[in-house]
$ cat structure23.csv   # CSV, C-alpha atoms
chain,number,residue,atom,x,y,z
A,1,MET,CA,28.6,97.0,-97.8
A,2,GLY,CA,27.4,100.4,-97.1
A,3,LEU,CA,26.4,103.0,-99.7
A,4,ILE,CA,29.3,105.3,-98.8
A,5,GLY,CA,32.7,103.8,-99.2
A,6,GLY,CA,34.7,106.8,-98.0
A,7,SER,CA,36.6,108.1,-100.9
A,8,GLY,CA,35.4,111.4,-102.2
A,9,LEU,CA,33.7,112.4,-98.9
A,10,GLY,CA,34.1,116.0,-97.9
A,11,LEU,CA,36.2,116.9,-94.9
A,12,PRO,CA,34.2,117.1,-91.6
A,13,MET,CA,32.3,120.2,-91.5
A,14,ALA,CA,34.3,122.9,-89.7
A,15,VAL,CA,32.5,124.1,-86.6
A,16,GLU,CA,33.8,127.5,-85.9
A,17,VAL,CA,33.6,127.9,-82.1
A,18,ASP,CA,35.3,130.7,-80.1
A,19,VAL,CA,36.6,129.0,-77.0
A,20,VAL,CA,36.3,131.4,-74.2
A,21,GLU,CA,37.0,131.2,-70.5
A,22,VAL,CA,33.6,130.5,-69.0
A,23,LYS,CA,32.3,132.6,-66.2
A,24,ILE,CA,29.0,131.8,-64.6
A,25,ASP,CA,27.0,133.1,-61.7
A,26,VAL,CA,25.4,130.6,-59.4
A,27,THR,CA,22.8,132.0,-57.0
A,28,GLU,CA,22.8,130.9,-53.3
A,29,THR,CA,19.6,128.9,-53.8
A,30,ALA,CA,21.1,127.1,-56.8
A,31,LYS,CA,24.3,126.3,-54.8
A,32,SER,CA,22.1,124.8,-52.1
A,33,ALA,CA,20.1,122.8,-54.7
A,34,ILE,CA,23.3,121.5,-56.3
A,35,GLU,CA,24.7,120.4,-52.9
A,36,LYS,CA,21.4,118.7,-52.1
A,37,SER,CA,21.2,117.0,-55.5
A,38,MET,CA,24.8,115.8,-55.2
A,39,SER,CA,24.8,114.8,-51.6
A,40,ASP,CA,24.8,111.1,-52.4
A,41,ASP,CA,27.5,111.4,-55.0
A,42,GLY,CA,31.2,111.0,-54.3
A,43,GLU,CA,33.9,113.6,-54.7
A,44,GLY,CA,34.6,112.3,-58.2
A,45,SER,CA,31.2,113.4,-59.4
A,46,VAL,CA,30.7,116.7,-61.2
A,47,LEU,CA,27.8,118.6,-62.7
A,48,VAL,CA,28.1,119.0,-66.5
A,49,ILE,CA,26.1,121.8,-68.1
A,50,SER,CA,25.9,121.6,-71.8
A,51,ALA,CA,24.1,123.0,-74.8
A,52,GLU,CA,22.7,120.4,-77.1
A,53,SER,CA,21.0,120.9,-80.5
A,54,GLY,CA,17.2,120.8,-80.2
A,55,GLY,CA,14.5,122.3,-78.1
A,56,CYS,CA,12.0,124.9,-79.3
A,57,SER,CA,14.6,127.5,-80.1
A,58,GLY,CA,17.5,125.6,-81.5
A,59,TYR,CA,19.6,124.7,-78.5
A,60,LEU,CA,18.6,122.9,-75.3
A,61,TYR,CA,20.3,123.1,-71.9
A,62,ASP,CA,21.3,119.9,-70.4
A,63,MET,CA,22.6,119.3,-66.9
A,64,LYS,CA,24.0,115.9,-65.7
A,65,ILE,CA,25.7,114.7,-62.6
A,66,VAL,CA,28.4,112.3,-63.9
A,67,ASP,CA,31.8,111.0,-63.0
A,68,ARG,CA,34.4,113.5,-63.9
A,69,PRO,CA,34.9,113.2,-67.7
A,70,ASP,CA,38.3,111.8,-68.8
A,71,GLU,CA,38.3,113.6,-72.1
A,72,GLU,CA,40.1,116.9,-72.7
A,73,GLY,CA,38.2,120.0,-73.6
A,74,TYR,CA,36.3,120.6,-70.4
A,75,GLN,CA,36.5,123.7,-68.2
A,76,SER,CA,36.1,123.3,-64.5
A,77,ILE,CA,34.4,125.9,-62.2
A,78,SER,CA,34.4,125.4,-58.5
A,79,VAL,CA,31.1,126.3,-56.8
A,80,GLY,CA,31.0,125.8,-53.1
A,81,GLY,CA,32.5,122.3,-52.6
A,82,ARG,CA,31.3,121.1,-55.9
A,83,THR,CA,32.6,121.3,-59.5
A,84,ILE,CA,30.7,122.4,-62.6
A,85,MET,CA,32.2,121.4,-65.9
A,86,ILE,CA,31.4,122.9,-69.3
A,87,HIS,CA,32.8,121.7,-72.7
A,88,ASP,CA,34.9,124.1,-74.7
A,89,ARG,CA,32.5,123.6,-77.6
A,90,ASP,CA,29.8,125.1,-75.5
A,91,SER,CA,31.8,127.8,-73.9
A,92,ASP,CA,30.7,130.6,-76.2
A,93,LEU,CA,27.1,129.7,-75.7
A,94,LEU,CA,27.2,129.3,-72.0
A,95,ASN,CA,29.6,132.0,-70.9
A,96,GLY,CA,27.9,134.5,-68.6
A,97,ILE,CA,24.9,132.4,-67.7
A,98,VAL,CA,23.2,132.8,-64.4
A,99,LEU,CA,22.2,129.5,-62.8
A,100,ASP,CA,19.3,129.8,-60.4
A,101,TYR,CA,16.9,127.4,-58.6
A,102,LYS,CA,13.3,128.1,-58.1
A,103,ASP,CA,11.1,126.1,-55.7
A,104,THR,CA,7.6,126.7,-57.0
A,105,LEU,CA,4.7,124.5,-57.8
A,106,MET,CA,4.8,125.4,-61.5
A,107,GLY,CA,8.0,125.8,-63.4
A,108,GLY,CA,10.3,125.0,-60.5
A,109,GLY,CA,13.8,123.6,-60.7
A,110,PHE,CA,17.1,124.9,-62.1
A,111,GLN,CA,16.7,127.9,-64.3
A,112,ILE,CA,19.2,129.4,-66.6
A,113,THR,CA,19.3,133.0,-67.7
A,114,ASN,CA,21.6,133.4,-70.8
A,115,PRO,CA,22.9,136.7,-72.1
A,116,ASN,CA,23.9,135.0,-75.3
A,117,ALA,CA,20.4,134.0,-76.2
A,118,ASP,CA,18.5,136.0,-78.8
A,119,LYS,CA,15.4,134.0,-78.1
A,120,SER,CA,14.2,131.4,-75.7
A,121,CYS,CA,11.1,129.1,-75.4
A,122,GLY,CA,8.4,129.4,-72.8
A,123,CYS,CA,9.6,126.6,-70.6
A,124,GLY,CA,13.0,128.1,-70.3
A,125,GLN,CA,14.8,124.9,-71.4
A,126,SER,CA,15.7,126.1,-74.9
A,127,PHE,CA,17.4,129.1,-76.4
A,128,GLY,CA,18.8,130.2,-79.7
B,129,MET,CA,-8.0,126.3,-128.9
B,130,GLN,CA,-7.7,124.8,-125.5
B,131,THR,CA,-4.8,122.6,-124.5
B,132,ASN,CA,-5.7,119.0,-123.7
B,133,LEU,CA,-4.7,118.8,-120.0
B,134,ALA,CA,-4.5,115.0,-120.0
B,135,ALA,CA,-2.0,115.1,-122.8
B,136,VAL,CA,0.2,117.5,-120.9
B,137,GLY,CA,0.3,115.1,-118.0
B,138,SER,CA,1.1,112.1,-120.1
B,139,ARG,CA,4.2,113.8,-121.6
B,140,LEU,CA,5.8,113.7,-118.2
B,141,VAL,CA,6.0,110.0,-117.9
B,142,ASP,CA,8.2,109.3,-120.9
B,143,GLY,CA,11.8,108.5,-120.3
B,144,MET,CA,12.4,110.3,-117.0
B,145,ASN,CA,15.9,110.4,-115.7
B,146,ILE,CA,16.4,113.7,-113.9
B,147,GLU,CA,19.6,114.5,-112.1
B,148,ASP,CA,19.0,115.9,-108.7
B,149,SER,CA,21.9,118.1,-107.7
B,150,ARG,CA,20.7,119.1,-104.2
B,151,PRO,CA,23.2,118.6,-101.4
B,152,THR,CA,23.8,115.4,-99.5
B,153,THR,CA,25.3,115.1,-96.0
B,154,LEU,CA,26.7,112.2,-94.0
B,155,LEU,CA,26.3,112.3,-90.2
B,156,GLU,CA,28.7,110.0,-88.4
B,157,GLY,CA,29.1,109.1,-84.7
B,158,ASP,CA,27.3,107.8,-81.7
B,159,GLY,CA,23.7,108.9,-81.1
B,160,ILE,CA,23.2,110.4,-84.5
B,161,GLU,CA,19.6,109.5,-84.6
B,162,ASP,CA,19.0,111.2,-81.3
B,163,VAL,CA,20.8,114.3,-82.4
B,164,LEU,CA,18.8,114.5,-85.6
B,165,SER,CA,15.6,113.8,-83.7
B,166,SER,CA,16.3,116.7,-81.4
B,167,ILE,CA,15.7,119.1,-84.2
B,168,SER,CA,13.2,117.2,-86.3
B,169,THR,CA,9.4,117.2,-86.1
B,170,VAL,CA,9.5,113.4,-86.1
B,171,LYS,CA,11.7,110.9,-84.3
B,172,ILE,CA,14.4,109.2,-86.3
B,173,LYS,CA,14.7,105.7,-85.1
B,174,PRO,CA,17.9,103.5,-85.4
B,175,TYR,CA,16.7,101.4,-88.3
B,176,PRO,CA,19.0,98.8,-90.0
B,177,PRO,CA,21.3,99.8,-92.9
B,178,GLY,CA,19.4,100.3,-96.1
B,179,SER,CA,16.3,101.7,-94.4
B,180,ILE,CA,14.9,105.0,-95.3
B,181,SER,CA,13.1,107.5,-93.1
B,182,ARG,CA,12.4,111.2,-93.2
B,183,ALA,CA,13.1,114.3,-91.1
B,184,VAL,CA,11.3,117.6,-91.2
B,185,ILE,CA,13.3,120.6,-89.9
B,186,CYS,CA,11.5,123.8,-88.9
B,187,ASP,CA,12.6,127.2,-87.6
B,188,PRO,CA,11.5,128.3,-84.1
B,189,VAL,CA,8.2,129.7,-85.5
B,190,GLY,CA,7.3,126.3,-87.0
B,191,ARG,CA,8.0,127.0,-90.6
B,192,THR,CA,9.7,124.4,-92.8
B,193,ILE,CA,13.4,124.7,-93.6
B,194,ASP,CA,14.1,121.3,-95.0
B,195,ALA,CA,12.5,117.9,-95.3
B,196,PRO,CA,15.4,115.5,-96.1
B,197,TYR,CA,15.1,111.8,-96.8
B,198,VAL,CA,17.3,110.0,-94.3
B,199,ILE,CA,19.1,106.9,-95.4
B,200,HIS,CA,20.4,104.6,-92.7
B,201,ASP,CA,23.8,103.4,-93.9
B,202,GLU,CA,26.6,101.5,-92.3
B,203,ALA,CA,28.6,104.7,-92.5
B,204,GLY,CA,26.0,106.7,-90.6
B,205,LEU,CA,22.9,108.7,-91.6
B,206,ILE,CA,22.8,110.1,-95.1
B,207,LEU,CA,20.6,113.2,-95.5
B,208,LEU,CA,19.2,113.9,-99.0
B,209,HIS,CA,18.4,117.6,-98.6
B,210,LEU,CA,15.6,119.3,-100.4
B,211,CYS,CA,17.0,122.8,-100.1
B,212,ARG,CA,19.5,124.0,-102.6
B,213,GLY,CA,22.3,125.0,-100.4
B,214,LYS,CA,23.8,123.4,-97.2
B,215,PRO,CA,21.3,124.3,-94.5
B,216,ASP,CA,22.5,126.2,-91.4
B,217,TYR,CA,21.1,123.7,-88.9
B,218,LEU,CA,24.0,121.4,-89.8
B,219,SER,CA,26.2,123.6,-87.7
B,220,ALA,CA,24.2,122.8,-84.6
B,221,ILE,CA,24.4,119.1,-85.4
B,222,ALA,CA,28.1,119.3,-86.1
B,223,ARG,CA,28.7,121.1,-82.8
B,224,ASN,CA,26.9,118.4,-80.9
B,225,LEU,CA,28.5,115.5,-82.7
B,226,SER,CA,32.0,116.9,-82.4
B,227,LYS,CA,31.8,116.7,-78.6
B,228,LYS,CA,31.4,113.0,-78.9
B,229,GLY,CA,33.9,112.4,-81.7
B,230,GLY,CA,31.3,112.4,-84.5
B,231,SER,CA,31.2,114.6,-87.5
B,232,VAL,CA,29.1,116.1,-90.3
B,233,ARG,CA,30.6,115.6,-93.8
B,234,ASP,CA,29.6,116.6,-97.3
B,235,ALA,CA,28.6,113.5,-99.3
B,236,SER,CA,27.4,115.3,-102.4
B,237,LEU,CA,30.4,114.1,-104.4
B,238,VAL,CA,29.9,110.5,-103.7
B,239,ILE,CA,26.2,110.2,-103.9
B,240,ALA,CA,24.5,110.6,-107.2
B,241,ARG,CA,20.7,111.3,-107.0
B,242,PHE,CA,18.4,110.7,-109.9
B,243,ILE,CA,14.6,110.7,-110.3
B,244,GLN,CA,13.6,107.9,-112.7
B,245,ASP,CA,10.5,106.5,-114.3
B,246,GLU,CA,9.8,103.4,-112.3
B,247,ARG,CA,9.0,101.4,-115.5
B,248,GLY,CA,11.9,102.6,-117.6
B,249,SER,CA,14.9,101.8,-115.6
B,250,GLY,CA,17.0,98.7,-115.6
B,251,HIS,CA,19.2,99.8,-112.8
B,252,SER,CA,19.2,97.8,-109.6
B,253,ASP,CA,22.2,99.1,-107.7
B,254,GLY,CA,22.1,101.8,-105.1
B,255,ILE,CA,19.1,102.5,-102.8
B,256,LEU,CA,15.7,103.2,-104.2
B,257,ILE,CA,13.1,105.4,-102.6
B,258,ARG,CA,9.8,104.2,-104.1
B,259,GLY,CA,6.4,105.6,-104.2
B,260,ILE,CA,7.0,109.2,-105.0
B,261,GLY,CA,5.0,111.4,-107.3
B,262,ILE,CA,1.3,111.7,-107.7
B,263,GLU,CA,0.7,108.3,-109.1
B,264,SER,CA,3.8,106.7,-107.6
B,265,ASN,CA,5.2,106.3,-111.1
B,266,PHE,CA,8.7,107.6,-110.1
B,267,ARG,CA,11.4,106.7,-107.8
B,268,ILE,CA,14.5,108.3,-106.4
B,269,ARG,CA,17.6,106.3,-107.1
B,270,ILE,CA,20.8,107.2,-105.3
B,271,SER,CA,24.0,105.5,-106.0
B,272,SER,CA,27.7,105.8,-105.3
B,273,ASP,CA,28.2,104.9,-109.0
B,274,GLU,CA,28.4,108.3,-110.7
B,275,GLY,CA,28.9,107.2,-114.3
B,276,GLY,CA,26.6,106.3,-117.2
B,277,GLU,CA,23.5,108.3,-116.5
B,278,GLU,CA,21.9,110.3,-119.2
B,279,SER,CA,19.6,113.0,-118.0
B,280,THR,CA,16.6,114.3,-119.8
B,281,ASN,CA,16.2,118.0,-120.5
B,282,LEU,CA,13.3,118.2,-118.1
B,283,SER,CA,14.3,120.3,-115.1
B,284,LEU,CA,14.0,119.1,-111.5
B,285,LEU,CA,11.8,122.1,-110.8
B,286,HIS,CA,9.4,121.1,-113.6
B,287,PHE,CA,9.3,117.6,-112.4
B,288,ALA,CA,8.7,118.6,-108.8
B,289,LEU,CA,5.9,121.0,-109.6
B,290,ALA,CA,4.2,118.5,-111.8
B,291,GLN,CA,4.5,115.5,-109.4
B,292,GLY,CA,4.1,117.0,-106.0
B,293,GLY,CA,7.7,117.5,-105.0
B,294,LEU,CA,9.1,120.2,-102.8
B,295,THR,CA,11.4,122.9,-104.1
B,296,GLU,CA,13.1,125.9,-102.7
B,297,TYR,CA,9.8,127.8,-103.0
B,298,HIS,CA,8.3,125.6,-100.4
B,299,LEU,CA,11.2,125.8,-98.0
B,300,GLY,CA,13.3,128.5,-96.5
B,301,GLY,CA,11.0,129.1,-93.5
B,302,ARG,CA,8.0,130.3,-95.5
B,303,TYR,CA,5.4,127.6,-94.8
B,304,LEU,CA,4.2,125.3,-92.0
B,305,PRO,CA,4.8,121.6,-92.7
B,306,HIS,CA,1.0,121.2,-92.6
B,307,GLU,CA,0.6,123.6,-95.5
B,308,ILE,CA,3.0,121.9,-97.8
B,309,GLY,CA,1.9,118.3,-97.6
B,310,LEU,CA,4.1,117.2,-94.6
B,311,SER,CA,1.4,116.8,-92.0
B,312,ASP,CA,2.2,113.1,-91.6
B,313,PHE,CA,5.7,114.0,-90.4
B,314,VAL,CA,4.6,116.3,-87.5
B,315,LYS,CA,4.6,114.2,-84.4
B,316,LEU,CA,4.2,116.2,-81.2
B,317,GLU,CA,5.2,113.1,-79.1
B,318,ASN,CA,8.8,113.6,-80.4
B,319,GLY,CA,9.0,116.3,-77.7
B,320,CYS,CA,10.7,119.6,-77.9
B,321,TYR,CA,12.1,120.6,-81.3
B,322,PRO,CA,12.3,124.0,-83.0
B,323,GLY,CA,8.8,125.1,-83.8
B,324,GLN,CA,7.1,122.6,-81.6
B,325,GLU,CA,5.4,125.2,-79.5
B,326,ILE,CA,3.7,126.6,-82.6
B,327,HIS,CA,2.7,123.2,-83.9
B,328,ALA,CA,1.3,122.2,-80.5
B,329,ARG,CA,-0.8,125.4,-80.3
B,330,LEU,CA,-2.1,124.7,-83.8
B,331,ASP,CA,-2.9,121.2,-82.9
B,332,SER,CA,-4.9,122.1,-79.8
B,333,ARG,CA,-6.5,125.4,-80.9
B,334,ASN,CA,-6.5,126.1,-84.6
B,335,PRO,CA,-5.9,123.1,-86.7
B,336,VAL,CA,-4.4,124.0,-90.1
B,337,THR,CA,-7.1,123.8,-92.8
B,338,LYS,CA,-5.0,125.0,-95.7
B,339,ARG,CA,-3.4,122.5,-97.9
B,340,LEU,CA,-0.9,122.2,-100.7
B,341,VAL,CA,-2.4,121.7,-104.2
B,342,ARG,CA,-1.0,121.3,-107.6
B,343,ILE,CA,-2.6,123.5,-110.2
B,344,ARG,CA,-2.4,122.9,-113.9
B,345,SER,CA,-3.6,125.3,-116.5
B,346,GLU,CA,-3.1,125.9,-120.2
B,347,ALA,CA,-1.5,129.3,-119.6
B,348,ALA,CA,0.5,130.7,-116.8
B,349,LEU,CA,-1.3,132.6,-114.1
B,350,ASP,CA,0.3,135.2,-112.0
B,351,MET,CA,1.8,134.3,-108.6
B,352,GLY,CA,-0.3,135.6,-105.8
B,353,ARG,CA,-4.0,135.2,-104.8
B,354,LEU,CA,-6.6,133.6,-107.0
B,355,ILE,CA,-10.1,133.9,-105.8
B,356,THR,CA,-12.5,131.1,-106.7
B,357,GLU,CA,-16.2,130.9,-106.0
B,358,ASP,CA,-15.5,128.8,-102.9
B,359,GLY,CA,-12.3,130.2,-101.4
B,360,LYS,CA,-8.8,131.4,-102.1
B,361,LEU,CA,-5.8,129.9,-103.7
B,362,LYS,CA,-2.4,131.4,-103.1
B,363,ILE,CA,-0.1,130.5,-106.0
B,364,PHE,CA,3.4,130.7,-104.7
B,365,THR,CA,5.6,128.9,-107.3
B,366,PRO,CA,6.1,130.2,-110.8
B,367,PHE,CA,4.4,128.2,-113.6
B,368,VAL,CA,6.8,125.9,-115.3
B,369,ASP,CA,5.1,124.8,-118.5
B,370,SER,CA,1.6,124.2,-117.2
B,371,PHE,CA,2.2,123.5,-113.5
B,372,ALA,CA,2.5,125.4,-110.3
B,373,HIS,CA,1.8,124.9,-106.6
B,374,ALA,CA,-0.6,126.8,-104.5
B,375,ILE,CA,-2.0,126.8,-101.0
B,376,ALA,CA,-5.8,126.3,-101.0
B,377,ASP,CA,-8.4,127.3,-98.4
B,378,GLU,CA,-10.7,124.6,-97.0
B,379,GLY,CA,-13.5,125.7,-99.3
B,380,VAL,CA,-11.5,125.1,-102.5
B,381,LEU,CA,-12.2,121.6,-103.8
B,382,ASP,CA,-10.2,119.4,-106.1
B,383,GLY,CA,-11.4,119.5,-109.7
B,384,VAL,CA,-11.4,121.9,-112.6
B,385,ILE,CA,-12.5,125.5,-112.2
B,386,ASN,CA,-12.9,128.1,-114.9
B,387,HIS,CA,-10.9,131.2,-114.4
B,388,LYS,CA,-11.4,134.0,-116.9
B,389,GLY,CA,-12.4,131.5,-119.5
B,390,MET,CA,-9.5,129.2,-118.8
B,391,ASP,CA,-9.6,125.7,-117.3
B,392,VAL,CA,-7.6,125.4,-114.1
B,393,GLU,CA,-7.2,121.9,-112.6
B,394,ILE,CA,-6.7,121.7,-108.8
B,395,SER,CA,-5.5,118.5,-107.1
B,396,THR,CA,-4.4,118.0,-103.5
B,397,ILE,CA,-0.9,116.9,-102.8
B,398,HIS,CA,-1.4,114.5,-99.9
B,399,SER,CA,2.2,113.7,-99.3
B,400,ALA,CA,4.9,115.9,-100.7
B,401,PHE,CA,8.2,114.2,-101.6
$ encode --input "structure23.csv" --output "structure tokens"
Amino acid sequence: MGLIGGSGLGLPMAVEVDVVEVKIDVTETAKSAIEKSMSDDGEGSVLVISAESGGCSGYLYDMKIVDRPDEEGYQSISVGGRTIMIHDRDSDLLNGIVLDYKDTLMGGGFQITNPNADKSCGCGQSFG
Amino acid sequence: MQTNLAAVGSRLVDGMNIEDSRPTTLLEGDGIEDVLSSISTVKIKPYPPGSISRAVICDPVGRTIDAPYVIHDEAGLILLHLCRGKPDYLSAIARNLSKKGGSVRDASLVIARFIQDERGSGHSDGILIRGIGIESNFRIRISSDEGGEESTNLSLLHFALAQGGLTEYHLGGRYLPHEIGLSDFVKLENGCYPGQEIHARLDSRNPVTKRLVRIRSEAALDMGRLITEDGKLKIFTPFVDSFAHAIADEGVLDGVINHKGMDVEISTIHSAF
């Protein structure tokens, strides 16, 4: 028997999120990198970009190649022949981002510039 | 006439049963340990129900916001916050968990928190957190049974200042965890968390030499700096009865110093609860 039985618990904490229609810019180098990264994946695979809690500044970018999610609440953006998906819950945080790819010896890889970020950490993975 | 400091201390251990009204939160859903770990200075592992661990949450410049005890329950993770109000970081957790069907709920009404004298209690229900306080004489008892508790008049603030506990004066983004007795909970191997860059820099370049101390004196001293022969003390809590907390320089040693004809006892708080 757990400590909390259930009665008297507060309602789930309301997360006030403005769901917006997400628009993102993907540079040509990023498009090529996405195509290269997903070349072995089938047509049902998509790239999901999300903002998770954590990182040095409060939120952390996450990018995953997964099978197209079944759940509702995702927005699809077509980029070249591939699909990028962003959850409605992240739409206000990720709207307007610029997705770039840099091929350098230090700090290479996908990089996100986010106009919604007040601050970001040195490695570029986190924002707040 | 000078107050007998030992007698002041002994008054505290008689019949303690202090109600702790700080908020309590339940995190529900898959991956809750990972979500909490992502913002904590220390990794929260998926321990079995009934286990207790602790998180420390900092702002992006590494200052402490909260240091909740974490109770692993069948229902999820129960956070016993040390801050007075619901902390803002719960919004980020709620946003994350809601994408996976989880939630963040207020558990304050179903969890009663008390601090009790270890020797004086016959209660056995609920979950106990043992080993708190300077001499480990006290425990935190939490229970879903809300009835039948009689609290003493002693305030939580008084108890915390006397026994090495954290209060709103220590939190709110004012101090590094190292400065307020939480060094043991800063684990850089947990990876990227708010404030980690600052903590990593401190670890590699300028280790924190300041420490949290309890001070006890027969009369209240002003908050602010107190300069001793060996270094500086920054008193940052008000005196409640005879006790306050301060941050001491490396040069300030534990013991009794004389300040303007008054005895002031200084003792390090090694692990703040």
$ closest_residue --input "structure23.csv" --among "A:Asp92, A:Asp62, A:Asp70, A:Asp118" --to "Ile24 (chain A)" --atoms "only C-alpha atoms"
A:Asp92
$ atom_distance --input "structure23.csv" --atom1 "CA of Ile268 (chain B)" --atom2 "CA of Ser345 (chain B)"
26.8 Å
$ atom_distance --input "structure23.csv" --atom1 "CA of His327 (chain B)" --atom2 "CA of Gly300 (chain B)"
17.3 Å
$ residues_around --input "structure23.csv" --residues "region 27-36 of chain A" --least-positions-apart "6" --cutoff "9 Å" --atoms "only C-alpha atoms" --output "PyMOL selection string"
chain A and resi 47+79-82+98-102+109-111
$ residues_around --input "structure23.csv" --residues "Ala376 (chain B)" --least-positions-apart "4" --cutoff "7 Å" --atoms "only C-alpha atoms" --output "PyMOL selection string"
chain B and resi 338-341+360-362+380
$ residues_around --input "structure23.csv" --residues "region 388-394 of chain B" --least-positions-apart "6" --cutoff "9 Å" --atoms "only C-alpha atoms" --output "list of chain:residue names"
B:Gln130, B:Leu133, B:Val341, B:Arg342, B:Ile343, B:Arg344, B:Ser345, B:Glu346, B:Ala347, B:Val380, B:Leu381, B:Asp382
$ closest_residue --input "structure23.csv" --among "A:Thr83, A:Gly8, A:Leu93, A:Asp103" --to "Gly58 (chain A)" --atoms "all atoms listed in the file"
A:Leu93
$ residues_around --input "structure23.csv" --residues "Gln75 (chain A)" --least-positions-apart "5" --cutoff "12 Å" --atoms "only C-alpha atoms" --output "PyMOL selection string"
chain A and resi 19-24+46-50+68-69+83-91+94-95
$ atom_distance --input "structure23.csv" --atom1 "CA of Leu155 (chain B)" --atom2 "CA of Val232 (chain B)"
4.7 Å
$ residues_around --input "structure23.csv" --residues "Tyr175 (chain B)" --least-positions-apart "4" --cutoff "10 Å" --atoms "only C-alpha atoms" --output "JSON, numbers by chain"
{"B": [161, 179, 180, 181, 199, 200, 201]}
$ closest_residue --input "structure23.csv" --among "B:Leu289, B:Cys320, B:Ile185, B:Leu210" --to "chain A" --atoms "all atoms listed in the file"
B:Cys320
$ interface_residues --input "structure23.csv" --of "chain A" --to "chain B" --cutoff "10 Å" --atoms "all atoms listed in the file" --output "PyMOL selection string"
chain A and resi 1-17+50-60+71+73+87-90+119-123+125-128
$ closest_residue --input "structure23.csv" --among "B:Ser399, B:Gly159, B:Ile243, B:Thr192" --to "Gly309 (chain B)" --atoms "all atoms listed in the file"
B:Ser399
$ closest_residue --input "structure23.csv" --among "A:Glu72, A:Asp25, A:Ser37, A:Met63" --to "Pro115 (chain A)" --atoms "all atoms listed in the file"
A:Asp25
$ build_atoms --input "structure23.csv" --residues "region 183-187 of chain B" --atoms "all heavy atoms" --output "mmCIF file, in the frame of the given file"
data_model
loop_
_atom_site.group_PDB
_atom_site.id
_atom_site.type_symbol
_atom_site.label_atom_id
_atom_site.label_comp_id
_atom_site.auth_asym_id
_atom_site.auth_seq_id
_atom_site.Cartn_x
_atom_site.Cartn_y
_atom_site.Cartn_z
ATOM 1 N N ALA B 183 13.100 113.225 -92.142
ATOM 2 C CA ALA B 183 13.100 114.300 -91.100
ATOM 3 C C ALA B 183 12.425 115.517 -91.691
ATOM 4 O O ALA B 183 12.462 115.725 -92.908
ATOM 5 C CB ALA B 183 14.483 114.570 -90.631
ATOM 6 N N VAL B 184 11.822 116.302 -90.836
ATOM 7 C CA VAL B 184 11.300 117.600 -91.200
ATOM 8 C C VAL B 184 11.922 118.625 -90.251
ATOM 9 O O VAL B 184 11.771 118.457 -89.036
ATOM 10 C CB VAL B 184 9.809 117.708 -91.270
ATOM 11 C CG1 VAL B 184 9.357 119.133 -91.575
ATOM 12 C CG2 VAL B 184 9.241 116.753 -92.306
ATOM 13 N N ILE B 185 12.618 119.613 -90.755
ATOM 14 C CA ILE B 185 13.300 120.600 -89.900
ATOM 15 C C ILE B 185 12.593 121.933 -90.047
ATOM 16 O O ILE B 185 12.392 122.411 -91.174
ATOM 17 C CB ILE B 185 14.781 120.751 -90.276
ATOM 18 C CG1 ILE B 185 15.436 119.380 -90.543
ATOM 19 C CG2 ILE B 185 15.522 121.538 -89.216
ATOM 20 C CD1 ILE B 185 15.547 118.466 -89.386
ATOM 21 N N CYS B 186 12.246 122.516 -88.918
ATOM 22 C CA CYS B 186 11.500 123.800 -88.900
ATOM 23 C C CYS B 186 12.346 124.853 -88.173
ATOM 24 O O CYS B 186 13.259 124.531 -87.415
ATOM 25 C CB CYS B 186 10.165 123.668 -88.297
ATOM 26 S SG CYS B 186 9.046 122.626 -89.248
ATOM 27 N N ASP B 187 11.987 126.101 -88.380
ATOM 28 C CA ASP B 187 12.600 127.200 -87.600
ATOM 29 C C ASP B 187 11.784 127.338 -86.292
ATOM 30 O O ASP B 187 10.750 126.676 -86.112
ATOM 31 C CB ASP B 187 12.693 128.460 -88.419
ATOM 32 C CG ASP B 187 11.350 128.985 -88.859
ATOM 33 O OD1 ASP B 187 10.333 128.594 -88.266
ATOM 34 O OD2 ASP B 187 11.307 129.799 -89.790
#
